[in-house]
>>> print(open('final.txt').read())   # compact mmCIF, C-alpha atoms
# COMPACT_ATOMS: atom_id res chain seq x y z
CA MET R 13 62.38 -19.36 108.97
CA SER R 14 60.96 -15.86 109.19
CA VAL R 15 57.54 -14.31 108.58
CA LYS R 16 57.38 -10.54 108.72
CA VAL R 17 54.64 -7.97 108.22
CA ARG R 18 55.38 -4.55 106.77
CA LYS R 19 54.36 -2.09 104.08
CA LYS R 20 56.00 -2.20 100.69
CA ASP R 21 57.51 0.81 98.91
CA LYS R 22 55.74 3.25 101.26
CA GLY R 23 52.38 2.04 100.00
CA LYS R 24 49.13 1.76 101.96
CA GLU R 25 48.82 -2.04 101.81
CA TRP R 26 50.36 -4.45 104.29
CA TRP R 27 52.40 -7.38 102.99
CA ILE R 28 53.58 -10.62 104.52
CA PHE R 29 57.21 -11.49 103.66
CA ILE R 30 58.18 -15.14 104.06
CA HIS R 31 61.75 -16.53 104.12
CA HIS R 32 61.92 -20.27 104.58
CA ASN R 33 64.48 -22.89 103.52
CA GLY R 34 66.14 -20.50 101.10
CA LYS R 35 62.85 -19.55 99.45
CA ARG R 36 61.38 -16.07 99.58
CA ARG R 37 57.79 -15.15 98.99
CA SER R 38 55.57 -12.12 99.61
CA LYS R 39 51.76 -11.84 99.82
CA LYS R 40 49.76 -8.61 99.68
CA ILE R 41 47.07 -8.61 102.37
CA GLY R 42 45.42 -5.18 102.25
CA THR R 43 45.12 -2.08 104.42
CA ASN R 44 44.19 -3.94 107.62
CA LYS R 45 47.36 -4.43 109.69
CA ALA R 46 45.60 -6.59 112.30
CA GLU R 47 44.47 -9.00 109.59
CA ALA R 48 47.99 -9.15 108.17
CA LEU R 49 49.42 -9.99 111.61
CA ARG R 50 46.78 -12.67 112.13
CA LEU R 51 47.59 -14.31 108.79
CA ALA R 52 51.31 -14.11 109.52
CA LYS R 53 50.76 -16.21 112.66
CA VAL R 54 48.75 -18.73 110.65
CA ILE R 55 51.54 -18.99 108.09
CA GLU R 56 54.15 -19.42 110.82
CA GLY R 57 52.12 -22.28 112.19
CA GLN R 58 51.82 -23.88 108.76
CA LEU R 59 55.55 -23.61 108.17
CA ALA R 60 56.33 -25.05 111.61
CA SER R 61 54.02 -27.97 110.82
CA GLY R 62 55.72 -28.62 107.52
CA ILE R 63 52.85 -27.36 105.40
CA LEU R 64 54.80 -25.54 102.72
CA GLY R 65 52.03 -24.99 100.19
CA VAL R 66 52.02 -21.33 101.11
CA LEU R 67 55.30 -21.02 99.18
CA ASP R 68 53.96 -22.70 96.07
CA THR R 69 53.54 -19.95 93.49
CA GLN R 70 51.08 -22.06 91.55
CA LYS R 71 48.60 -21.96 94.43
CA GLU R 72 48.34 -18.22 94.93
CA GLN R 73 44.66 -17.32 95.21
CA LYS R 74 42.87 -14.58 93.37
CA THR R 75 41.66 -11.64 95.41
CA VAL R 76 38.05 -10.77 96.12
CA MET R 77 38.19 -8.02 93.49
CA GLN R 78 39.56 -10.39 90.87
CA TYR R 79 36.60 -12.68 91.42
CA ALA R 80 34.33 -9.62 91.46
CA GLU R 81 35.50 -8.73 87.96
CA ILE R 82 34.84 -12.30 86.81
CA TRP R 83 31.36 -12.22 88.37
CA LEU R 84 30.50 -8.85 86.80
CA SER R 85 31.71 -9.86 83.34
CA THR R 86 30.14 -13.33 83.18
CA VAL R 87 27.35 -14.16 85.63
CA VAL R 88 25.75 -10.73 86.06
CA PRO R 89 25.06 -9.87 82.38
CA ALA R 90 23.90 -13.42 81.67
CA THR R 91 21.40 -13.71 84.52
CA LEU R 92 20.18 -10.20 85.43
CA LYS R 93 18.32 -7.37 83.75
CA ALA R 94 20.49 -4.56 82.43
CA SER R 95 19.33 -2.08 85.09
CA THR R 96 20.00 -4.59 87.89
CA ALA R 97 23.42 -5.32 86.41
CA ASP R 98 24.14 -1.58 86.51
CA ASP R 99 23.14 -1.52 90.17
CA TYR R 100 25.60 -4.28 91.03
CA ARG R 101 28.42 -2.65 89.07
CA GLY R 102 27.82 0.48 91.13
CA ILE R 103 27.76 -1.54 94.37
CA VAL R 104 31.11 -3.18 93.57
CA LYS R 105 32.71 0.10 92.54
CA LYS R 106 31.47 2.18 95.47
CA HIS R 107 31.47 -0.31 98.33
CA ILE R 108 33.49 -3.46 97.66
CA LYS R 109 36.39 -2.11 95.62
CA ARG R 110 37.11 0.53 98.29
CA SER R 111 36.89 -1.91 101.20
CA SER R 112 39.52 -3.84 103.13
CA LEU R 113 38.08 -7.02 101.62
CA ALA R 114 38.86 -6.04 98.04
CA TYR R 115 42.48 -7.14 97.74
CA LYS R 116 42.49 -9.97 100.25
CA PRO R 117 43.10 -13.47 98.83
CA VAL R 118 39.63 -14.92 98.57
CA ASP R 119 40.51 -17.95 100.69
CA THR R 120 41.49 -15.75 103.64
CA VAL R 121 38.09 -14.04 103.97
CA THR R 122 36.03 -15.33 106.88
CA GLN R 123 32.33 -15.06 107.58
CA TRP R 124 33.19 -12.70 110.44
CA ASP R 125 35.08 -10.44 108.01
CA VAL R 126 31.99 -10.18 105.82
CA GLU R 127 29.59 -9.73 108.72
CA THR R 128 31.57 -6.92 110.38
CA PHE R 129 31.93 -5.21 107.00
CA LEU R 130 28.15 -5.32 106.40
CA LEU R 131 27.27 -4.21 109.93
CA LYS R 132 29.45 -1.13 109.48
CA LYS R 133 27.61 -0.36 106.25
CA ARG R 134 24.29 -0.58 108.10
CA LYS R 135 25.28 2.39 110.23
CA THR R 136 25.41 4.64 107.17
CA TYR R 137 23.33 3.13 104.39
CA ALA R 138 19.74 2.02 103.93
CA HIS R 139 18.87 -1.59 104.65
CA SER R 140 18.10 -2.21 100.96
CA THR R 141 21.58 -0.99 99.96
CA VAL R 142 23.27 -3.29 102.48
CA VAL R 143 21.21 -6.20 101.16
CA LEU R 144 22.50 -5.43 97.65
CA ILE R 145 26.08 -5.38 98.97
CA LYS R 146 25.53 -8.74 100.70
CA ASN R 147 24.02 -10.23 97.55
CA ALA R 148 26.96 -8.99 95.48
CA LEU R 149 29.46 -10.57 97.88
CA GLY R 150 27.44 -13.76 97.83
CA GLY R 151 27.64 -13.86 94.03
CA ILE R 152 31.37 -13.14 94.05
CA PHE R 153 32.14 -15.88 96.56
CA LYS R 154 29.88 -18.29 94.69
CA VAL R 155 32.11 -17.88 91.62
CA ALA R 156 35.17 -18.49 93.81
CA HIS R 157 33.54 -21.61 95.26
CA LYS R 158 32.78 -22.97 91.81
CA ASP R 159 36.41 -22.29 90.93
CA LYS R 160 37.34 -24.43 93.96
CA ALA R 161 39.21 -21.51 95.50
CA ILE R 162 37.15 -21.72 98.72
CA GLN R 163 35.23 -24.49 100.43
CA GLY R 164 32.19 -22.44 101.47
CA ASN R 165 30.54 -19.09 100.90
CA PRO R 166 31.38 -16.65 103.74
CA ALA R 167 28.49 -14.37 102.76
CA HIS R 168 25.93 -17.07 103.52
CA GLY R 169 24.20 -17.37 106.88
CA ILE R 170 24.64 -13.72 107.81
CA SER R 171 21.61 -11.95 109.27
CA LEU R 172 21.25 -8.24 108.70
CA GLY R 173 18.37 -7.95 111.15
CA LYS R 174 15.09 -6.21 110.50
CA LYS R 175 14.76 -2.97 108.63
CA SER R 176 15.52 -0.11 110.97
CA ASP R 177 15.51 2.64 108.40
CA GLU R 178 11.81 3.22 107.81
CA SER R 179 12.47 6.96 108.01
CA ARG R 180 14.55 6.65 104.84
CA LYS R 181 11.52 5.58 102.83
CA PRO R 182 10.01 8.32 100.68
CA LYS R 183 6.76 9.50 102.20
CA ILE R 184 3.65 8.49 100.29
CA GLU R 185 1.89 11.71 99.29
CA PRO R 186 -1.02 10.96 96.97
CA LEU R 187 -3.11 13.77 95.54
CA THR R 188 -6.73 14.06 96.53
CA VAL R 189 -9.42 13.76 93.86
CA ALA R 190 -9.78 17.55 93.83
CA GLU R 191 -6.03 18.05 93.48
CA THR R 192 -5.85 15.42 90.74
CA ASN R 193 -8.58 17.17 88.77
CA LYS R 194 -6.80 20.49 89.20
CA LEU R 195 -3.58 18.98 87.84
CA LEU R 196 -5.35 17.39 84.87
CA SER R 197 -7.13 20.66 84.09
CA THR R 198 -3.81 22.50 84.14
CA PHE R 199 -2.27 19.99 81.74
CA ALA R 200 -5.30 20.23 79.44
CA GLU R 201 -5.01 24.02 79.33
CA HIS R 202 -1.25 24.54 79.18
CA LYS R 203 0.37 21.25 78.06
CA ALA R 204 -2.35 19.37 76.20
CA GLN R 205 0.15 17.10 74.42
CA HIS R 206 1.17 15.71 77.82
CA TYR R 207 -2.37 15.27 79.12
CA PRO R 208 -2.74 11.63 77.93
CA ILE R 209 0.26 10.28 79.86
CA THR R 210 -0.78 12.14 83.00
CA LEU R 211 -4.32 10.76 82.77
CA LEU R 212 -2.94 7.26 82.16
CA LEU R 213 -0.71 7.41 85.25
CA VAL R 214 -3.50 8.45 87.63
CA SER R 215 -6.06 6.15 85.94
CA THR R 216 -4.04 2.91 85.91
CA GLY R 217 -1.37 3.20 88.61
CA MET R 218 1.31 2.20 86.11
CA ARG R 219 4.93 3.02 86.85
CA ILE R 220 6.33 5.88 84.77
CA GLY R 221 8.91 3.59 83.15
CA GLU R 222 6.14 1.17 82.11
CA ALA R 223 4.09 4.02 80.64
CA CYS R 224 7.03 5.36 78.63
CA ALA R 225 7.69 1.88 77.19
CA LEU R 226 4.13 1.40 75.90
CA GLN R 227 3.53 0.77 72.21
CA TRP R 228 0.18 0.91 70.43
CA ARG R 229 0.15 -2.88 70.01
CA ASP R 230 -0.04 -3.13 73.83
CA VAL R 231 -3.43 -1.39 73.93
CA ASN R 232 -6.73 -3.19 73.34
CA ILE R 233 -9.37 -0.51 72.92
CA ASN R 234 -12.28 -2.97 72.66
CA ASP R 235 -11.28 -4.90 75.76
CA ARG R 236 -10.37 -1.66 77.57
CA SER R 237 -7.05 -3.13 78.64
CA ILE R 238 -3.30 -2.65 78.37
CA ILE R 239 -0.68 -5.40 78.43
CA VAL R 240 2.36 -4.15 80.36
CA ARG R 241 5.35 -6.06 79.05
CA ARG R 242 8.24 -3.57 78.99
CA ASN R 243 10.01 -1.06 81.19
CA TYR R 244 12.07 2.03 80.34
CA VAL R 245 14.92 2.46 82.79
CA ARG R 246 18.00 4.70 82.53
CA LYS R 247 17.37 5.55 78.89
CA ARG R 248 17.12 1.87 77.98
CA VAL R 249 14.10 -0.27 77.12
CA GLU R 250 13.96 -3.58 78.97
CA GLU R 251 11.80 -6.28 77.45
CA SER R 252 10.34 -7.18 80.83
CA THR R 253 8.58 -5.45 83.72
CA LYS R 254 10.04 -4.81 87.16
CA ASN R 255 8.73 -8.18 88.36
CA THR R 256 9.60 -9.88 85.04
CA ARG R 257 5.95 -10.80 84.44
CA ASP R 258 3.55 -9.31 81.90
CA ARG R 259 0.31 -8.05 83.38
CA LYS R 260 -3.05 -6.88 82.17
CA VAL R 261 -4.17 -3.42 83.28
CA ASP R 262 -7.76 -2.22 83.01
CA MET R 263 -8.63 1.17 81.52
CA SER R 264 -11.48 3.49 82.42
CA ILE R 265 -13.79 4.67 79.65
CA ASP R 266 -12.39 8.21 79.95
CA LEU R 267 -8.86 6.91 79.41
CA VAL R 268 -9.97 4.75 76.46
CA ASN R 269 -11.57 7.76 74.77
CA CYS R 270 -8.44 9.84 75.38
CA LEU R 271 -6.18 7.19 73.82
CA LYS R 272 -8.57 6.69 70.90
CA ARG R 273 -8.32 10.39 70.03
CA LEU R 274 -4.54 10.27 70.36
CA LYS R 275 -4.29 7.17 68.16
CA ARG R 276 -6.42 8.76 65.43
CA LYS R 277 -4.09 11.76 65.45
CA ARG R 278 -0.96 9.60 65.28
CA THR R 279 -2.41 7.37 62.54
CA LYS R 280 -3.29 10.40 60.43
CA ALA R 281 0.24 11.77 60.81
CA ALA R 282 1.77 8.37 59.94
CA LEU R 283 -0.29 8.09 56.76
CA LYS R 284 1.01 11.48 55.65
CA ASP R 285 4.50 10.05 56.07
CA GLY R 286 3.61 7.00 53.99
CA ARG R 287 3.26 4.60 56.94
CA ASN R 288 0.11 2.60 57.59
CA ASP R 289 1.23 0.64 60.65
CA ILE R 290 1.87 2.39 63.97
CA SER R 291 1.50 -0.69 66.17
CA LYS R 292 5.16 -0.61 67.21
CA ASP R 293 5.30 3.15 67.65
CA TRP R 294 5.78 4.51 71.16
CA ILE R 295 2.55 5.91 72.58
CA PHE R 296 4.56 8.53 74.44
CA PRO R 297 7.65 9.23 72.31
CA SER R 298 10.56 11.53 73.03
CA VAL R 299 9.88 15.16 72.15
CA SER R 300 13.11 15.33 70.15
CA ASP R 301 13.09 11.85 68.59
CA GLU R 302 9.87 9.89 68.04
CA SER R 303 11.85 6.68 67.52
CA THR R 304 12.72 6.61 71.22
CA PRO R 305 10.49 6.60 74.32
CA LEU R 306 9.83 9.69 76.38
CA ASN R 307 12.68 10.40 78.79
CA TYR R 308 10.78 10.65 82.06
CA GLN R 309 13.65 12.38 83.86
CA THR R 310 13.52 15.23 81.37
CA TRP R 311 9.71 15.15 81.47
CA ARG R 312 9.72 15.43 85.24
CA ARG R 313 12.02 18.44 85.17
CA ASP R 314 10.62 20.31 82.15
CA VAL R 315 6.93 19.38 82.28
CA PHE R 316 5.66 17.68 85.42
CA GLN R 317 7.19 19.91 88.10
CA PRO R 318 6.33 23.15 86.24
CA MET R 319 2.73 21.96 85.89
CA LEU R 320 2.52 21.32 89.63
CA THR R 321 3.66 24.91 90.17
CA LYS R 322 1.23 26.23 87.56
CA ALA R 323 -1.62 24.33 89.26
CA GLU R 324 -0.49 25.73 92.64
CA LEU R 325 -0.09 22.23 94.05
CA ARG R 326 2.49 20.93 96.50
CA LYS R 327 5.62 19.26 95.16
CA ILE R 328 5.22 15.51 94.68
CA ARG R 329 7.07 12.81 92.77
CA ILE R 330 5.79 11.27 89.54
CA HIS R 331 5.54 8.01 91.50
CA ASP R 332 2.98 9.68 93.76
CA LEU R 333 0.54 9.57 90.84
CA ARG R 334 0.70 5.76 91.23
CA HIS R 335 -0.10 6.23 94.92
CA THR R 336 -2.88 8.61 93.93
CA PHE R 337 -4.53 5.89 91.84
CA ALA R 338 -4.27 3.41 94.72
CA SER R 339 -5.62 5.84 97.32
CA ILE R 340 -8.64 6.74 95.15
CA MET R 341 -9.40 3.06 94.58
CA ILE R 342 -9.17 2.36 98.31
CA GLU R 343 -11.33 5.36 99.17
CA LYS R 344 -14.00 4.02 96.80
CA GLY R 345 -13.91 0.61 98.48
CA VAL R 346 -12.10 -1.33 95.76
CA ASP R 347 -10.68 -4.66 96.94
CA LEU R 348 -6.93 -4.70 97.67
CA VAL R 349 -6.47 -7.84 95.55
CA TYR R 350 -7.71 -5.96 92.46
CA ILE R 351 -5.43 -3.02 93.30
CA LYS R 352 -2.51 -5.43 93.73
CA ASP R 353 -3.12 -6.91 90.25
CA GLN R 354 -3.51 -3.48 88.66
CA LEU R 355 -0.29 -2.18 90.22
CA GLY R 356 1.67 -5.34 89.45
CA HIS R 357 2.84 -6.02 92.99
CA SER R 358 4.59 -9.35 93.46
CA SER R 359 2.29 -10.29 96.35
CA ILE R 360 -0.70 -8.99 98.30
CA LYS R 361 1.67 -8.49 101.24
CA VAL R 362 3.41 -5.69 99.33
CA THR R 363 0.06 -3.98 98.71
CA VAL R 364 -1.02 -4.31 102.33
CA ASP R 365 2.35 -3.08 103.59
CA VAL R 366 2.17 0.03 101.41
CA TYR R 367 -1.52 0.87 101.46
CA GLY R 368 -3.07 -1.10 104.34
CA SER R 369 -3.18 1.94 106.61
CA MET R 370 -5.40 3.74 104.08
CA VAL R 371 -8.18 1.15 104.31
CA LYS R 372 -11.03 2.52 106.40
CA ARG R 373 -12.76 0.08 108.71
CA SER R 374 -15.81 0.36 110.89
CA ASP R 375 -15.30 0.16 114.65
CA LYS R 376 -16.43 -3.46 114.76
CA PRO R 377 -16.41 -5.09 111.29
CA VAL R 378 -17.90 -8.27 112.79
CA ASP R 379 -21.14 -6.34 113.35
CA ILE R 380 -22.14 -7.26 109.79
CA LEU R 381 -22.87 -10.77 111.14
CA ASP R 382 -25.64 -9.54 113.48
CA GLY R 383 -28.99 -10.72 112.19
CA LEU R 384 -27.30 -12.61 109.39
CA LEU R 385 -26.33 -15.88 111.07
CA HIS R 386 -29.25 -17.86 112.61
CA PRO R 387 -31.23 -14.70 113.48
CA ASN R 388 -34.06 -16.56 115.28
CA ALA R 389 -31.89 -18.45 117.76
CA PRO R 390 -33.07 -17.73 121.38
CA TYR R 391 -29.60 -16.83 122.62
CA THR R 392 -29.30 -14.00 120.05
CA HIS R 393 -32.33 -12.21 121.51
CA PRO R 394 -31.35 -8.74 122.71
CA GLY R 395 -32.88 -9.42 126.12
CA LYS R 396 -31.16 -11.07 129.08
CA ILE R 397 -29.43 -14.32 128.19
CA LYS R 398 -30.70 -17.19 130.30
CA GLY R 399 -28.19 -18.35 132.86
CA SER R 400 -25.90 -15.39 132.40
CA ALA R 401 -24.03 -14.09 135.40
CA LYS R 402 -25.16 -10.86 137.00
CA THR R 403 -22.93 -7.92 136.52
CA GLY R 404 -22.33 -5.24 139.08
>>> encode(input="final.txt", output="structure tokens")
Amino acid sequence: MSVKVRKKDKGKEWWIFIHHNGKRRSKKIGTNKAEALRLAKVIEGQLASGILGVLDTQKEQKTVMQYAEIWLSTVVPATLKASTADDYRGIVKKHIKRSSLAYKPVDTVTQWDVETFLLKKRKTYAHSTVVLIKNALGGIFKVAHKDKAIQGNPAHGISLGKKSDESRKPKIEPLTVAETNKLLSTFAEHKAQHYPITLLLVSTGMRIGEACALQWRDVNINDRSIIVRRNYVRKRVEESTKNTRDRKVDMSIDLVNCLKRLKRKRTKAALKDGRNDISKDWIFPSVSDESTPLNYQTWRRDVFQPMLTKAELRKIRIHDLRHTFASIMIEKGVDLVYIKDQLGHSSIKVTVDVYGSMVKRSDKPVDILDGLLHPNAPYTHPGKIKGSAKTG
């Protein structure tokens, strides 16, 4: 009986070579020599105990990457939005495929292997990225578990700790009311055709992808509302929002009047082309092809950023127009619950986490109770309270 560890054909991967009772077998382990040596000792113990299943060619396990390919081709497209599926394909390609876990037999991966791998990633990548990697591994091992290749999921029960990368978050830089008006005036003067989408973004707080995916049938002029039911991400329309729920967004009278003028113009143009129904037309179509939504990446580069320069304003992201809406609402005393509904946050906690610091409070908010609750009670008299202790 012999169990040896060495590289094969001058490659980078370590292999275990087994010679036992006239049978020969080899198993590729990966680039981690220490792991290969550890497994070799396990195999030696199994052979010494008479457990010869390791030599059974019918029981060779698939690698982590083989199950990753199965997961990406079956579970991911069937259960996730297209943009999320793209994210996970990128995670597997960039992080998992290049790791020491990739070509290990799935049944040899321990929870400690996964945890040390993720903790190393935390040193370099944002917490949210490491969570995506962990979720991907969890999905991969879940497929292996259903295939009865492993007894448990080694990605489960691993704590990544609290977020420690707050500095990685983009800084919220909303425009002031004066700056917003300056930007809108600049659009009106130099890029009037792009004024409506800019006004909509600062007047509703909608995400740019949601705005680009709007059709005229989503707008109710009489009710002064918009139903947000789609998202435009990576040049692809998704028939659901970021949180997968449709939501109703209120419109100001100024925005309603702006969209009414735009709709009249579009209807007139459609009638000239022999069309009398524009309900499914994009409100903000591509400049080059009206059958597709506006590409906001191109719009940001060719329109939005130049208009910021023309208006002599600081550089901000398009997403900061969403923050601008929220900050104006907060400044005017609008309730956070309403802002949460308008923005489409999944919970009020998200709204408070993002915008809570903007809410202005008086020194002692409880002072509003003075004179309101039982104002004639003797112990609320501003004079000395009977029986109170003297103070020095």
>>> closest_residue(input="final.txt", among="R:Thr210, R:Asn33, R:Ser359, R:Thr43", to="Asn255 in chain R", atoms="only C-alpha atoms")
R:Ser359
>>> closest_residue(input="final.txt", among="R:Ile220, R:Leu195, R:Ile209, R:Leu384", to="Leu325 in chain R", atoms="all atoms listed in the file")
R:Leu195
>>> residues_around(input="final.txt", residues="range 261-277 of chain R", least_positions_apart="2", cutoff="6 Å", atoms="all atoms listed in the file", output="ChimeraX atom specification")
/R:236-238,279-280,354
>>> closest_residue(input="final.txt", among="R:Leu172, R:Ile330, R:Ile82, R:Leu113", to="Gly221 in chain R", atoms="all atoms listed in the file")
R:Ile330
>>> closest_residue(input="final.txt", among="R:Arg326, R:Arg312, R:Arg334, R:Arg37", to="Arg219 in chain R", atoms="all atoms listed in the file")
R:Arg334
>>> closest_residue(input="final.txt", among="R:Gly150, R:Asn307, R:Asn193, R:Pro117", to="Thr336 in chain R", atoms="all atoms listed in the file")
R:Asn193
>>> residues_around(input="final.txt", residues="range 138-148 of chain R", least_positions_apart="3", cutoff="10 Å", atoms="all atoms listed in the file", output="MDAnalysis selection string")
chainID R and resid 80 83:84 88 99:104 106:108 126:127 129:135 151:154 167:168 170:181
>>> closest_residue(input="final.txt", among="R:Lys74, R:Lys45, R:Lys24, R:Lys372", to="Asp347 in chain R", atoms="all atoms listed in the file")
R:Lys372
